[in-house]
Amino acid sequence: MLNGNITPGGDGDEKKSEENITKLVPQPNSTPSCRFLQLELELNAHLRGLTFSEPVRYVYNPLEYAWETHRCYVNKYCQAGQKFLFLGMNPGPFGMAQTGVPFGEVRSVVDWLKITGAVGHPDNEHPKRRISGLTCTQSEVSGARFWGFFRKLCGEPTAFFRHCFVHNLCPLIFMSGSGKNMTPPELPAHERQELLRLCDIALCQIVEALGVSMVIGVGRVAEQRARRALCAAGIEVRVEGIMHPSPRNPLANKGWESVAKAKLGELGVLSLLSNT
């Protein structure tokens with residue numbers, strides 16, 4: 001267990017990221033997926049300079065140790081013409097932390113999204129929060145609800161990704177000494193502000209690079225953060241939100257799919273995705 005300030009990633013991850021950046025030097029006519037990955041690697045480099053103190057004891061960055069599966073997801077599904085960006089806040093311990101895919105509940109990632117690749121380990125793992133990658137047997141409810149809904153609605157992933165992409169504002173997952181998951185709003189104020197400042201900059205760059213016309217925050221926090229960041233940067237993109245599918249949300253437990261479907265209908269997204 002670590003004492004004092006800790007930083008995300010480590011020497012091994014830094015070398016891997018440098019190699020990845022070298023492989024992704026942007027070309028004048030580079031693809032959306034290449035531009036997206038380049039921006040993520042640049043964010044990783046900035047995040048590596050941050051330190052986090054108590055109550056944070058462990059920091060995982062799946063864009064380091066799960067880069068192979070994450071790159072598979074981006075290369076497969078980030079494409080030109082996508083107008084809607086669904087935005088989560090940060091990874092869950094049994095979702096993206098395991099798979100490298102936003103809301104990445106393992107069965108959805110493997111069976112529906114058909115993501116493949118090796119997943120490594122963070123330098124410092126909590127004994128109760130081991131990384132098993134695509135063989136993880138514990139399901140993340142939020143991710144199962146999120147991707148399960150779009151699977152039911154769209155049938156095939158191509159129908160969803162023709163119009164939409166899914167991204168997390170912050171790629172880091174934070175844990176206390178007990179292994180309790182901590183979200184960015186729970187961090188000490190000065191550490192949270194610097195973290196989100198860097199993530200806001202990256203979000204604005206990604207929105208401009210992809211050319212999306214609407215950002216849909218999954219949960220109130222992601223929606224508010226996106227609106228604030230994009231407005232401050234003078235980027236004229238519509239920002240809306242849908243309820244977060246977390247089981248910690250009593251309203252989501254009463255029927256998240258029906259609430260999400262109604263909201264997406266209001267936003268004009270539902271008719272583009274329905275397979276009926």
# chains A, B, ... in the order shown; residues from 1 in each chain; ligands from 1
>>> closest_atom_pairs(of="stretch 166-229 of chain A", to="stretch 82-95 of chain A", cutoff="8 Å", atoms="only C-alpha atoms", output="Markdown table")
| residue | atom | partner | partner_atom | distance |
| --- | --- | --- | --- | --- |
| A:Val166 | CA | A:Phe86 | CA | 4.7 |
| A:His167 | CA | A:Leu87 | CA | 5.1 |
| A:Asn168 | CA | A:Gly88 | CA | 4.5 |
| A:Leu169 | CA | A:Met89 | CA | 5.1 |
| A:Cys170 | CA | A:Asn90 | CA | 4.8 |
| A:Pro171 | CA | A:Asn90 | CA | 5.6 |
| A:Leu172 | CA | A:Asn90 | CA | 6.3 |
| A:Ile173 | CA | A:Pro91 | CA | 5.7 |
| A:Asn181 | CA | A:Pro93 | CA | 7.3 |
| A:Thr183 | CA | A:Asn90 | CA | 7.3 |
| A:Pro184 | CA | A:Asn90 | CA | 7.8 |
| A:Leu210 | CA | A:Gln82 | CA | 7.3 |
| A:Gly211 | CA | A:Lys83 | CA | 6.9 |
| A:Val212 | CA | A:Lys83 | CA | 4.1 |
| A:Ser213 | CA | A:Lys83 | CA | 5.1 |
| A:Met214 | CA | A:Phe84 | CA | 5.0 |
| A:Val215 | CA | A:Leu85 | CA | 4.8 |
| A:Ile216 | CA | A:Phe86 | CA | 4.7 |
| A:Gly217 | CA | A:Leu87 | CA | 4.7 |
| A:Val218 | CA | A:Gly88 | CA | 5.2 |
| A:Gly219 | CA | A:Gly88 | CA | 7.3 |
| A:Val221 | CA | A:Met89 | CA | 7.3 |
| A:Ala222 | CA | A:Met89 | CA | 5.3 |
| A:Glu223 | CA | A:Leu87 | CA | 7.7 |
>>> write_last_selection(atoms="C-alpha atoms", output="CSV table (one decimal), in the first residue's frame")
chain,number,residue,atom,x,y,z
A,166,VAL,CA,-19.2,6.8,-26.3
A,167,HIS,CA,-16.4,8.3,-24.3
A,168,ASN,CA,-15.5,9.1,-20.6
A,169,LEU,CA,-14.4,12.6,-19.6
A,170,CYS,CA,-11.7,11.2,-17.2
A,171,PRO,CA,-9.9,7.9,-17.9
A,172,LEU,CA,-8.7,7.4,-14.3
A,173,ILE,CA,-10.3,5.3,-11.5
A,181,ASN,CA,-14.5,3.5,-5.6
A,183,THR,CA,-15.4,9.6,-8.3
A,184,PRO,CA,-13.6,12.8,-9.3
A,210,LEU,CA,-14.9,14.4,-34.2
A,211,GLY,CA,-17.3,17.2,-35.3
A,212,VAL,CA,-20.2,16.1,-33.1
A,213,SER,CA,-23.2,18.3,-32.9
A,214,MET,CA,-24.5,17.0,-29.5
A,215,VAL,CA,-22.9,15.8,-26.3
A,216,ILE,CA,-25.1,13.7,-24.2
A,217,GLY,CA,-23.9,13.4,-20.6
A,218,VAL,CA,-24.7,10.1,-18.9
A,219,GLY,CA,-25.6,11.4,-15.5
A,221,VAL,CA,-22.3,15.4,-13.3
A,222,ALA,CA,-21.0,14.5,-16.8
A,223,GLU,CA,-23.7,16.7,-18.4
>>> closest_atom_pairs(of="stretch 132-221 of chain A", to="stretch 270-275 of chain A", cutoff="7 Å", atoms="only C-alpha atoms", output="CSV")
residue,atom,partner,partner_atom,distance
A:Leu153,CA,A:Ser274,CA,5.3
A:Cys154,CA,A:Asn275,CA,5.0
A:Gly155,CA,A:Asn275,CA,6.3
A:Ala159,CA,A:Leu273,CA,6.2
A:Phe160,CA,A:Leu273,CA,5.9
>>> residues_around(residues="stretch 76-79 of chain A", least_positions_apart="3", cutoff="9 Å", atoms="only C-alpha atoms", output="PyMOL selection string")
chain A and resi 31-34+36+71-73+82+115+157-158+161-162+164-166+210
>>> atom_distance(atom1="atom CA of A:Asp123", atom2="atom CA of A:Leu195")
20.1 Å
>>> closest_residue(among="A:Pro185, A:Ser30, A:Leu37, A:Gly49", to="A:Leu198", atoms="only C-alpha atoms")
A:Gly49
>>> select_by_dssp(residues="stretch 196-250 of chain A", states="helix (DSSP H, G or I)", output="compact mmCIF listing (two decimals) with N, CA, C and O atoms, in the first residue's frame")
# COMPACT_ATOMS: atom_id res chain seq x y z
N LEU A 196 -9.73 17.90 -13.59
CA LEU A 196 -10.83 18.20 -14.50
C LEU A 196 -10.47 19.29 -15.50
O LEU A 196 -11.01 19.32 -16.61
N ARG A 197 -9.56 20.17 -15.14
CA ARG A 197 -9.10 21.18 -16.09
C ARG A 197 -8.46 20.49 -17.30
O ARG A 197 -8.75 20.84 -18.45
N LEU A 198 -7.61 19.51 -17.04
CA LEU A 198 -6.96 18.78 -18.12
C LEU A 198 -7.96 17.96 -18.93
O LEU A 198 -7.90 17.91 -20.16
N CYS A 199 -8.89 17.33 -18.23
CA CYS A 199 -9.91 16.52 -18.92
C CYS A 199 -10.85 17.39 -19.74
O CYS A 199 -11.29 16.99 -20.82
N ASP A 200 -11.17 18.58 -19.25
CA ASP A 200 -12.02 19.52 -20.00
C ASP A 200 -11.36 19.93 -21.30
O ASP A 200 -12.01 20.00 -22.36
N ILE A 201 -10.06 20.22 -21.24
CA ILE A 201 -9.33 20.61 -22.44
C ILE A 201 -9.38 19.49 -23.47
O ILE A 201 -9.65 19.71 -24.66
N ALA A 202 -9.13 18.26 -23.01
CA ALA A 202 -9.16 17.12 -23.91
C ALA A 202 -10.54 16.91 -24.51
O ALA A 202 -10.68 16.60 -25.70
N LEU A 203 -11.58 17.08 -23.69
CA LEU A 203 -12.95 16.93 -24.21
C LEU A 203 -13.21 17.93 -25.32
O LEU A 203 -13.77 17.56 -26.37
N CYS A 204 -12.85 19.16 -25.12
CA CYS A 204 -13.07 20.18 -26.15
C CYS A 204 -12.33 19.83 -27.44
O CYS A 204 -12.87 19.99 -28.54
N GLN A 205 -11.11 19.35 -27.30
CA GLN A 205 -10.34 18.94 -28.49
C GLN A 205 -11.00 17.77 -29.20
O GLN A 205 -11.06 17.73 -30.43
N ILE A 206 -11.51 16.83 -28.42
CA ILE A 206 -12.16 15.65 -29.01
C ILE A 206 -13.45 16.02 -29.72
O ILE A 206 -13.73 15.56 -30.83
N VAL A 207 -14.25 16.88 -29.10
CA VAL A 207 -15.51 17.32 -29.71
C VAL A 207 -15.24 18.01 -31.05
O VAL A 207 -15.93 17.77 -32.05
N GLU A 208 -14.23 18.85 -31.09
CA GLU A 208 -13.90 19.54 -32.33
C GLU A 208 -13.33 18.58 -33.37
O GLU A 208 -13.64 18.67 -34.55
N ALA A 209 -12.50 17.63 -32.92
CA ALA A 209 -11.89 16.67 -33.86
C ALA A 209 -12.94 15.76 -34.49
O ALA A 209 -12.86 15.44 -35.68
N LEU A 210 -13.92 15.33 -33.68
CA LEU A 210 -14.95 14.42 -34.19
C LEU A 210 -16.06 15.16 -34.93
O LEU A 210 -16.79 14.55 -35.71
N ARG A 220 -25.96 13.47 -14.36
CA ARG A 220 -25.98 14.93 -14.20
C ARG A 220 -24.57 15.52 -14.13
O ARG A 220 -24.31 16.59 -14.68
N VAL A 221 -23.65 14.83 -13.46
CA VAL A 221 -22.31 15.39 -13.29
C VAL A 221 -21.60 15.53 -14.63
O VAL A 221 -21.01 16.56 -14.94
N ALA A 222 -21.65 14.49 -15.46
CA ALA A 222 -21.00 14.54 -16.77
C ALA A 222 -21.66 15.60 -17.66
O ALA A 222 -20.97 16.33 -18.39
N GLU A 223 -22.97 15.69 -17.59
CA GLU A 223 -23.69 16.69 -18.39
C GLU A 223 -23.26 18.10 -18.00
O GLU A 223 -22.94 18.95 -18.85
N GLN A 224 -23.25 18.39 -16.70
CA GLN A 224 -22.89 19.72 -16.24
C GLN A 224 -21.45 20.07 -16.56
O GLN A 224 -21.13 21.20 -16.93
N ARG A 225 -20.57 19.07 -16.41
CA ARG A 225 -19.16 19.33 -16.68
C ARG A 225 -18.94 19.62 -18.16
O ARG A 225 -18.17 20.52 -18.53
N ALA A 226 -19.60 18.86 -19.03
CA ALA A 226 -19.46 19.08 -20.46
C ALA A 226 -19.98 20.45 -20.86
O ALA A 226 -19.35 21.17 -21.64
N ARG A 227 -21.12 20.82 -20.32
CA ARG A 227 -21.71 22.13 -20.66
C ARG A 227 -20.77 23.26 -20.24
O ARG A 227 -20.53 24.20 -20.99
N ARG A 228 -20.22 23.13 -19.04
CA ARG A 228 -19.32 24.16 -18.53
C ARG A 228 -18.05 24.26 -19.37
O ARG A 228 -17.61 25.36 -19.74
N ALA A 229 -17.46 23.12 -19.69
CA ALA A 229 -16.20 23.11 -20.43
C ALA A 229 -16.37 23.65 -21.85
O ALA A 229 -15.58 24.48 -22.32
N LEU A 230 -17.40 23.20 -22.53
CA LEU A 230 -17.60 23.59 -23.92
C LEU A 230 -18.02 25.05 -24.04
O LEU A 230 -17.60 25.76 -24.95
N CYS A 231 -18.83 25.49 -23.08
CA CYS A 231 -19.25 26.90 -23.07
C CYS A 231 -18.05 27.81 -22.82
O CYS A 231 -17.86 28.82 -23.50
N ALA A 232 -17.21 27.44 -21.87
CA ALA A 232 -16.02 28.25 -21.54
C ALA A 232 -15.07 28.33 -22.72
O ALA A 232 -14.37 29.34 -22.90
N PRO A 250 -31.85 5.15 -7.26
CA PRO A 250 -33.14 4.47 -7.09
C PRO A 250 -34.06 4.58 -8.30
O PRO A 250 -34.78 3.64 -8.64
>>> atom_distance(atom1="atom CA of A:Pro245", atom2="atom CA of A:Leu267")
18.1 Å
>>> closest_residue(among="A:Leu41, A:Val109, A:Leu50, A:Ala262", to="A:Met96", atoms="only C-alpha atoms")
A:Val109
>>> closest_residue(among="A:Asn253, A:Asn61, A:Ser246, A:Thr116", to="A:Arg48", atoms="only C-alpha atoms")
A:Asn61
>>> residues_around(residues="A:Ala66", least_positions_apart="5", cutoff="7 Å", atoms="only C-alpha atoms", output="number ranges by chain")
A: 99-100, 119-120
>>> decode(residues="stretch 177-207 of chain A", atoms="N, CA, C and O atoms", output="PDB file, in the first residue's frame")
ATOM      1  N   GLY A 177      -8.072   3.275   0.501  1.00  0.00           N
ATOM      2  CA  GLY A 177      -7.330   2.144   1.025  1.00  0.00           C
ATOM      3  C   GLY A 177      -8.172   0.898   1.195  1.00  0.00           C
ATOM      4  O   GLY A 177      -7.671  -0.226   1.103  1.00  0.00           O
ATOM      5  N   SER A 178      -9.473   1.066   1.400  1.00  0.00           N
ATOM      6  CA  SER A 178     -10.374  -0.073   1.566  1.00  0.00           C
ATOM      7  C   SER A 178     -10.798  -0.678   0.234  1.00  0.00           C
ATOM      8  O   SER A 178     -11.418  -1.741   0.192  1.00  0.00           O
ATOM      9  N   GLY A 179     -10.476   0.015  -0.859  1.00  0.00           N
ATOM     10  CA  GLY A 179     -10.911  -0.437  -2.178  1.00  0.00           C
ATOM     11  C   GLY A 179     -12.187   0.237  -2.640  1.00  0.00           C
ATOM     12  O   GLY A 179     -12.693  -0.066  -3.716  1.00  0.00           O
ATOM     13  N   LYS A 180     -12.704   1.164  -1.847  1.00  0.00           N
ATOM     14  CA  LYS A 180     -13.923   1.886  -2.219  1.00  0.00           C
ATOM     15  C   LYS A 180     -13.657   2.758  -3.441  1.00  0.00           C
ATOM     16  O   LYS A 180     -12.682   3.491  -3.510  1.00  0.00           O
ATOM     17  N   ASN A 181     -14.554   2.654  -4.410  1.00  0.00           N
ATOM     18  CA  ASN A 181     -14.456   3.474  -5.607  1.00  0.00           C
ATOM     19  C   ASN A 181     -14.752   4.925  -5.271  1.00  0.00           C
ATOM     20  O   ASN A 181     -15.710   5.233  -4.561  1.00  0.00           O
ATOM     21  N   MET A 182     -13.926   5.823  -5.775  1.00  0.00           N
ATOM     22  CA  MET A 182     -14.109   7.251  -5.549  1.00  0.00           C
ATOM     23  C   MET A 182     -14.243   7.950  -6.896  1.00  0.00           C
ATOM     24  O   MET A 182     -13.444   7.715  -7.809  1.00  0.00           O
ATOM     25  N   THR A 183     -15.234   8.808  -7.028  1.00  0.00           N
ATOM     26  CA  THR A 183     -15.423   9.556  -8.258  1.00  0.00           C
ATOM     27  C   THR A 183     -14.668  10.881  -8.175  1.00  0.00           C
ATOM     28  O   THR A 183     -14.337  11.351  -7.082  1.00  0.00           O
ATOM     29  N   PRO A 184     -14.368  11.511  -9.309  1.00  0.00           N
ATOM     30  CA  PRO A 184     -13.648  12.788  -9.281  1.00  0.00           C
ATOM     31  C   PRO A 184     -14.259  13.842  -8.355  1.00  0.00           C
ATOM     32  O   PRO A 184     -13.498  14.551  -7.687  1.00  0.00           O
ATOM     33  N   PRO A 185     -15.594  13.983  -8.269  1.00  0.00           N
ATOM     34  CA  PRO A 185     -16.134  14.985  -7.340  1.00  0.00           C
ATOM     35  C   PRO A 185     -15.775  14.737  -5.874  1.00  0.00           C
ATOM     36  O   PRO A 185     -15.879  15.647  -5.053  1.00  0.00           O
ATOM     37  N   GLU A 186     -15.348  13.517  -5.542  1.00  0.00           N
ATOM     38  CA  GLU A 186     -14.991  13.192  -4.162  1.00  0.00           C
ATOM     39  C   GLU A 186     -13.530  13.486  -3.834  1.00  0.00           C
ATOM     40  O   GLU A 186     -13.107  13.330  -2.686  1.00  0.00           O
ATOM     41  N   LEU A 187     -12.743  13.903  -4.816  1.00  0.00           N
ATOM     42  CA  LEU A 187     -11.333  14.182  -4.588  1.00  0.00           C
ATOM     43  C   LEU A 187     -11.164  15.508  -3.849  1.00  0.00           C
ATOM     44  O   LEU A 187     -12.040  16.374  -3.909  1.00  0.00           O
ATOM     45  N   PRO A 188     -10.030  15.703  -3.179  1.00  0.00           N
ATOM     46  CA  PRO A 188      -9.733  17.020  -2.595  1.00  0.00           C
ATOM     47  C   PRO A 188      -9.839  18.104  -3.657  1.00  0.00           C
ATOM     48  O   PRO A 188      -9.459  17.893  -4.822  1.00  0.00           O
ATOM     49  N   ALA A 189     -10.342  19.269  -3.275  1.00  0.00           N
ATOM     50  CA  ALA A 189     -10.723  20.306  -4.238  1.00  0.00           C
ATOM     51  C   ALA A 189      -9.598  20.680  -5.196  1.00  0.00           C
ATOM     52  O   ALA A 189      -9.811  20.749  -6.421  1.00  0.00           O
ATOM     53  N   HIS A 190      -8.401  20.928  -4.696  1.00  0.00           N
ATOM     54  CA  HIS A 190      -7.323  21.396  -5.575  1.00  0.00           C
ATOM     55  C   HIS A 190      -6.884  20.306  -6.544  1.00  0.00           C
ATOM     56  O   HIS A 190      -6.529  20.600  -7.698  1.00  0.00           O
ATOM     57  N   GLU A 191      -6.939  19.055  -6.118  1.00  0.00           N
ATOM     58  CA  GLU A 191      -6.576  17.946  -7.006  1.00  0.00           C
ATOM     59  C   GLU A 191      -7.664  17.720  -8.044  1.00  0.00           C
ATOM     60  O   GLU A 191      -7.384  17.456  -9.214  1.00  0.00           O
ATOM     61  N   ARG A 192      -8.911  17.825  -7.609  1.00  0.00           N
ATOM     62  CA  ARG A 192     -10.040  17.666  -8.538  1.00  0.00           C
ATOM     63  C   ARG A 192     -10.020  18.748  -9.615  1.00  0.00           C
ATOM     64  O   ARG A 192     -10.232  18.472 -10.800  1.00  0.00           O
ATOM     65  N   GLN A 193      -9.756  19.979  -9.217  1.00  0.00           N
ATOM     66  CA  GLN A 193      -9.779  21.087 -10.174  1.00  0.00           C
ATOM     67  C   GLN A 193      -8.731  20.930 -11.259  1.00  0.00           C
ATOM     68  O   GLN A 193      -9.002  21.157 -12.442  1.00  0.00           O
ATOM     69  N   GLU A 194      -7.516  20.519 -10.889  1.00  0.00           N
ATOM     70  CA  GLU A 194      -6.465  20.361 -11.882  1.00  0.00           C
ATOM     71  C   GLU A 194      -6.747  19.160 -12.783  1.00  0.00           C
ATOM     72  O   GLU A 194      -6.540  19.215 -14.004  1.00  0.00           O
ATOM     73  N   LEU A 195      -7.236  18.073 -12.204  1.00  0.00           N
ATOM     74  CA  LEU A 195      -7.605  16.902 -12.991  1.00  0.00           C
ATOM     75  C   LEU A 195      -8.660  17.264 -14.034  1.00  0.00           C
ATOM     76  O   LEU A 195      -8.511  16.962 -15.228  1.00  0.00           O
ATOM     77  N   LEU A 196      -9.725  17.896 -13.595  1.00  0.00           N
ATOM     78  CA  LEU A 196     -10.832  18.196 -14.502  1.00  0.00           C
ATOM     79  C   LEU A 196     -10.467  19.287 -15.499  1.00  0.00           C
ATOM     80  O   LEU A 196     -11.011  19.320 -16.605  1.00  0.00           O
ATOM     81  N   ARG A 197      -9.563  20.166 -15.135  1.00  0.00           N
ATOM     82  CA  ARG A 197      -9.098  21.176 -16.093  1.00  0.00           C
ATOM     83  C   ARG A 197      -8.463  20.490 -17.297  1.00  0.00           C
ATOM     84  O   ARG A 197      -8.745  20.839 -18.454  1.00  0.00           O
ATOM     85  N   LEU A 198      -7.610  19.511 -17.042  1.00  0.00           N
ATOM     86  CA  LEU A 198      -6.955  18.781 -18.124  1.00  0.00           C
ATOM     87  C   LEU A 198      -7.963  17.963 -18.930  1.00  0.00           C
ATOM     88  O   LEU A 198      -7.900  17.907 -20.164  1.00  0.00           O
ATOM     89  N   CYS A 199      -8.894  17.330 -18.226  1.00  0.00           N
ATOM     90  CA  CYS A 199      -9.907  16.520 -18.920  1.00  0.00           C
ATOM     91  C   CYS A 199     -10.850  17.392 -19.741  1.00  0.00           C
ATOM     92  O   CYS A 199     -11.287  16.989 -20.825  1.00  0.00           O
ATOM     93  N   ASP A 200     -11.167  18.584 -19.248  1.00  0.00           N
ATOM     94  CA  ASP A 200     -12.020  19.517 -19.997  1.00  0.00           C
ATOM     95  C   ASP A 200     -11.359  19.930 -21.305  1.00  0.00           C
ATOM     96  O   ASP A 200     -12.013  20.001 -22.359  1.00  0.00           O
ATOM     97  N   ILE A 201     -10.063  20.225 -21.236  1.00  0.00           N
ATOM     98  CA  ILE A 201      -9.328  20.613 -22.445  1.00  0.00           C
ATOM     99  C   ILE A 201      -9.376  19.488 -23.474  1.00  0.00           C
ATOM    100  O   ILE A 201      -9.645  19.712 -24.660  1.00  0.00           O
ATOM    101  N   ALA A 202      -9.132  18.262 -23.006  1.00  0.00           N
ATOM    102  CA  ALA A 202      -9.156  17.115 -23.914  1.00  0.00           C
ATOM    103  C   ALA A 202     -10.544  16.910 -24.508  1.00  0.00           C
ATOM    104  O   ALA A 202     -10.678  16.596 -25.699  1.00  0.00           O
ATOM    105  N   LEU A 203     -11.584  17.083 -23.690  1.00  0.00           N
ATOM    106  CA  LEU A 203     -12.948  16.933 -24.205  1.00  0.00           C
ATOM    107  C   LEU A 203     -13.215  17.932 -25.318  1.00  0.00           C
ATOM    108  O   LEU A 203     -13.770  17.563 -26.369  1.00  0.00           O
ATOM    109  N   CYS A 204     -12.846  19.164 -25.124  1.00  0.00           N
ATOM    110  CA  CYS A 204     -13.068  20.182 -26.149  1.00  0.00           C
ATOM    111  C   CYS A 204     -12.331  19.834 -27.437  1.00  0.00           C
ATOM    112  O   CYS A 204     -12.874  19.988 -28.538  1.00  0.00           O
ATOM    113  N   GLN A 205     -11.106  19.348 -27.305  1.00  0.00           N
ATOM    114  CA  GLN A 205     -10.344  18.941 -28.489  1.00  0.00           C
ATOM    115  C   GLN A 205     -11.003  17.771 -29.200  1.00  0.00           C
ATOM    116  O   GLN A 205     -11.059  17.726 -30.434  1.00  0.00           O
ATOM    117  N   ILE A 206     -11.512  16.828 -28.424  1.00  0.00           N
ATOM    118  CA  ILE A 206     -12.158  15.649 -29.009  1.00  0.00           C
ATOM    119  C   ILE A 206     -13.451  16.022 -29.717  1.00  0.00           C
ATOM    120  O   ILE A 206     -13.733  15.560 -30.833  1.00  0.00           O
ATOM    121  N   VAL A 207     -14.246  16.884 -29.100  1.00  0.00           N
ATOM    122  CA  VAL A 207     -15.510  17.318 -29.713  1.00  0.00           C
ATOM    123  C   VAL A 207     -15.237  18.010 -31.051  1.00  0.00           C
ATOM    124  O   VAL A 207     -15.931  17.771 -32.049  1.00  0.00           O
TER     125      VAL A 207
END
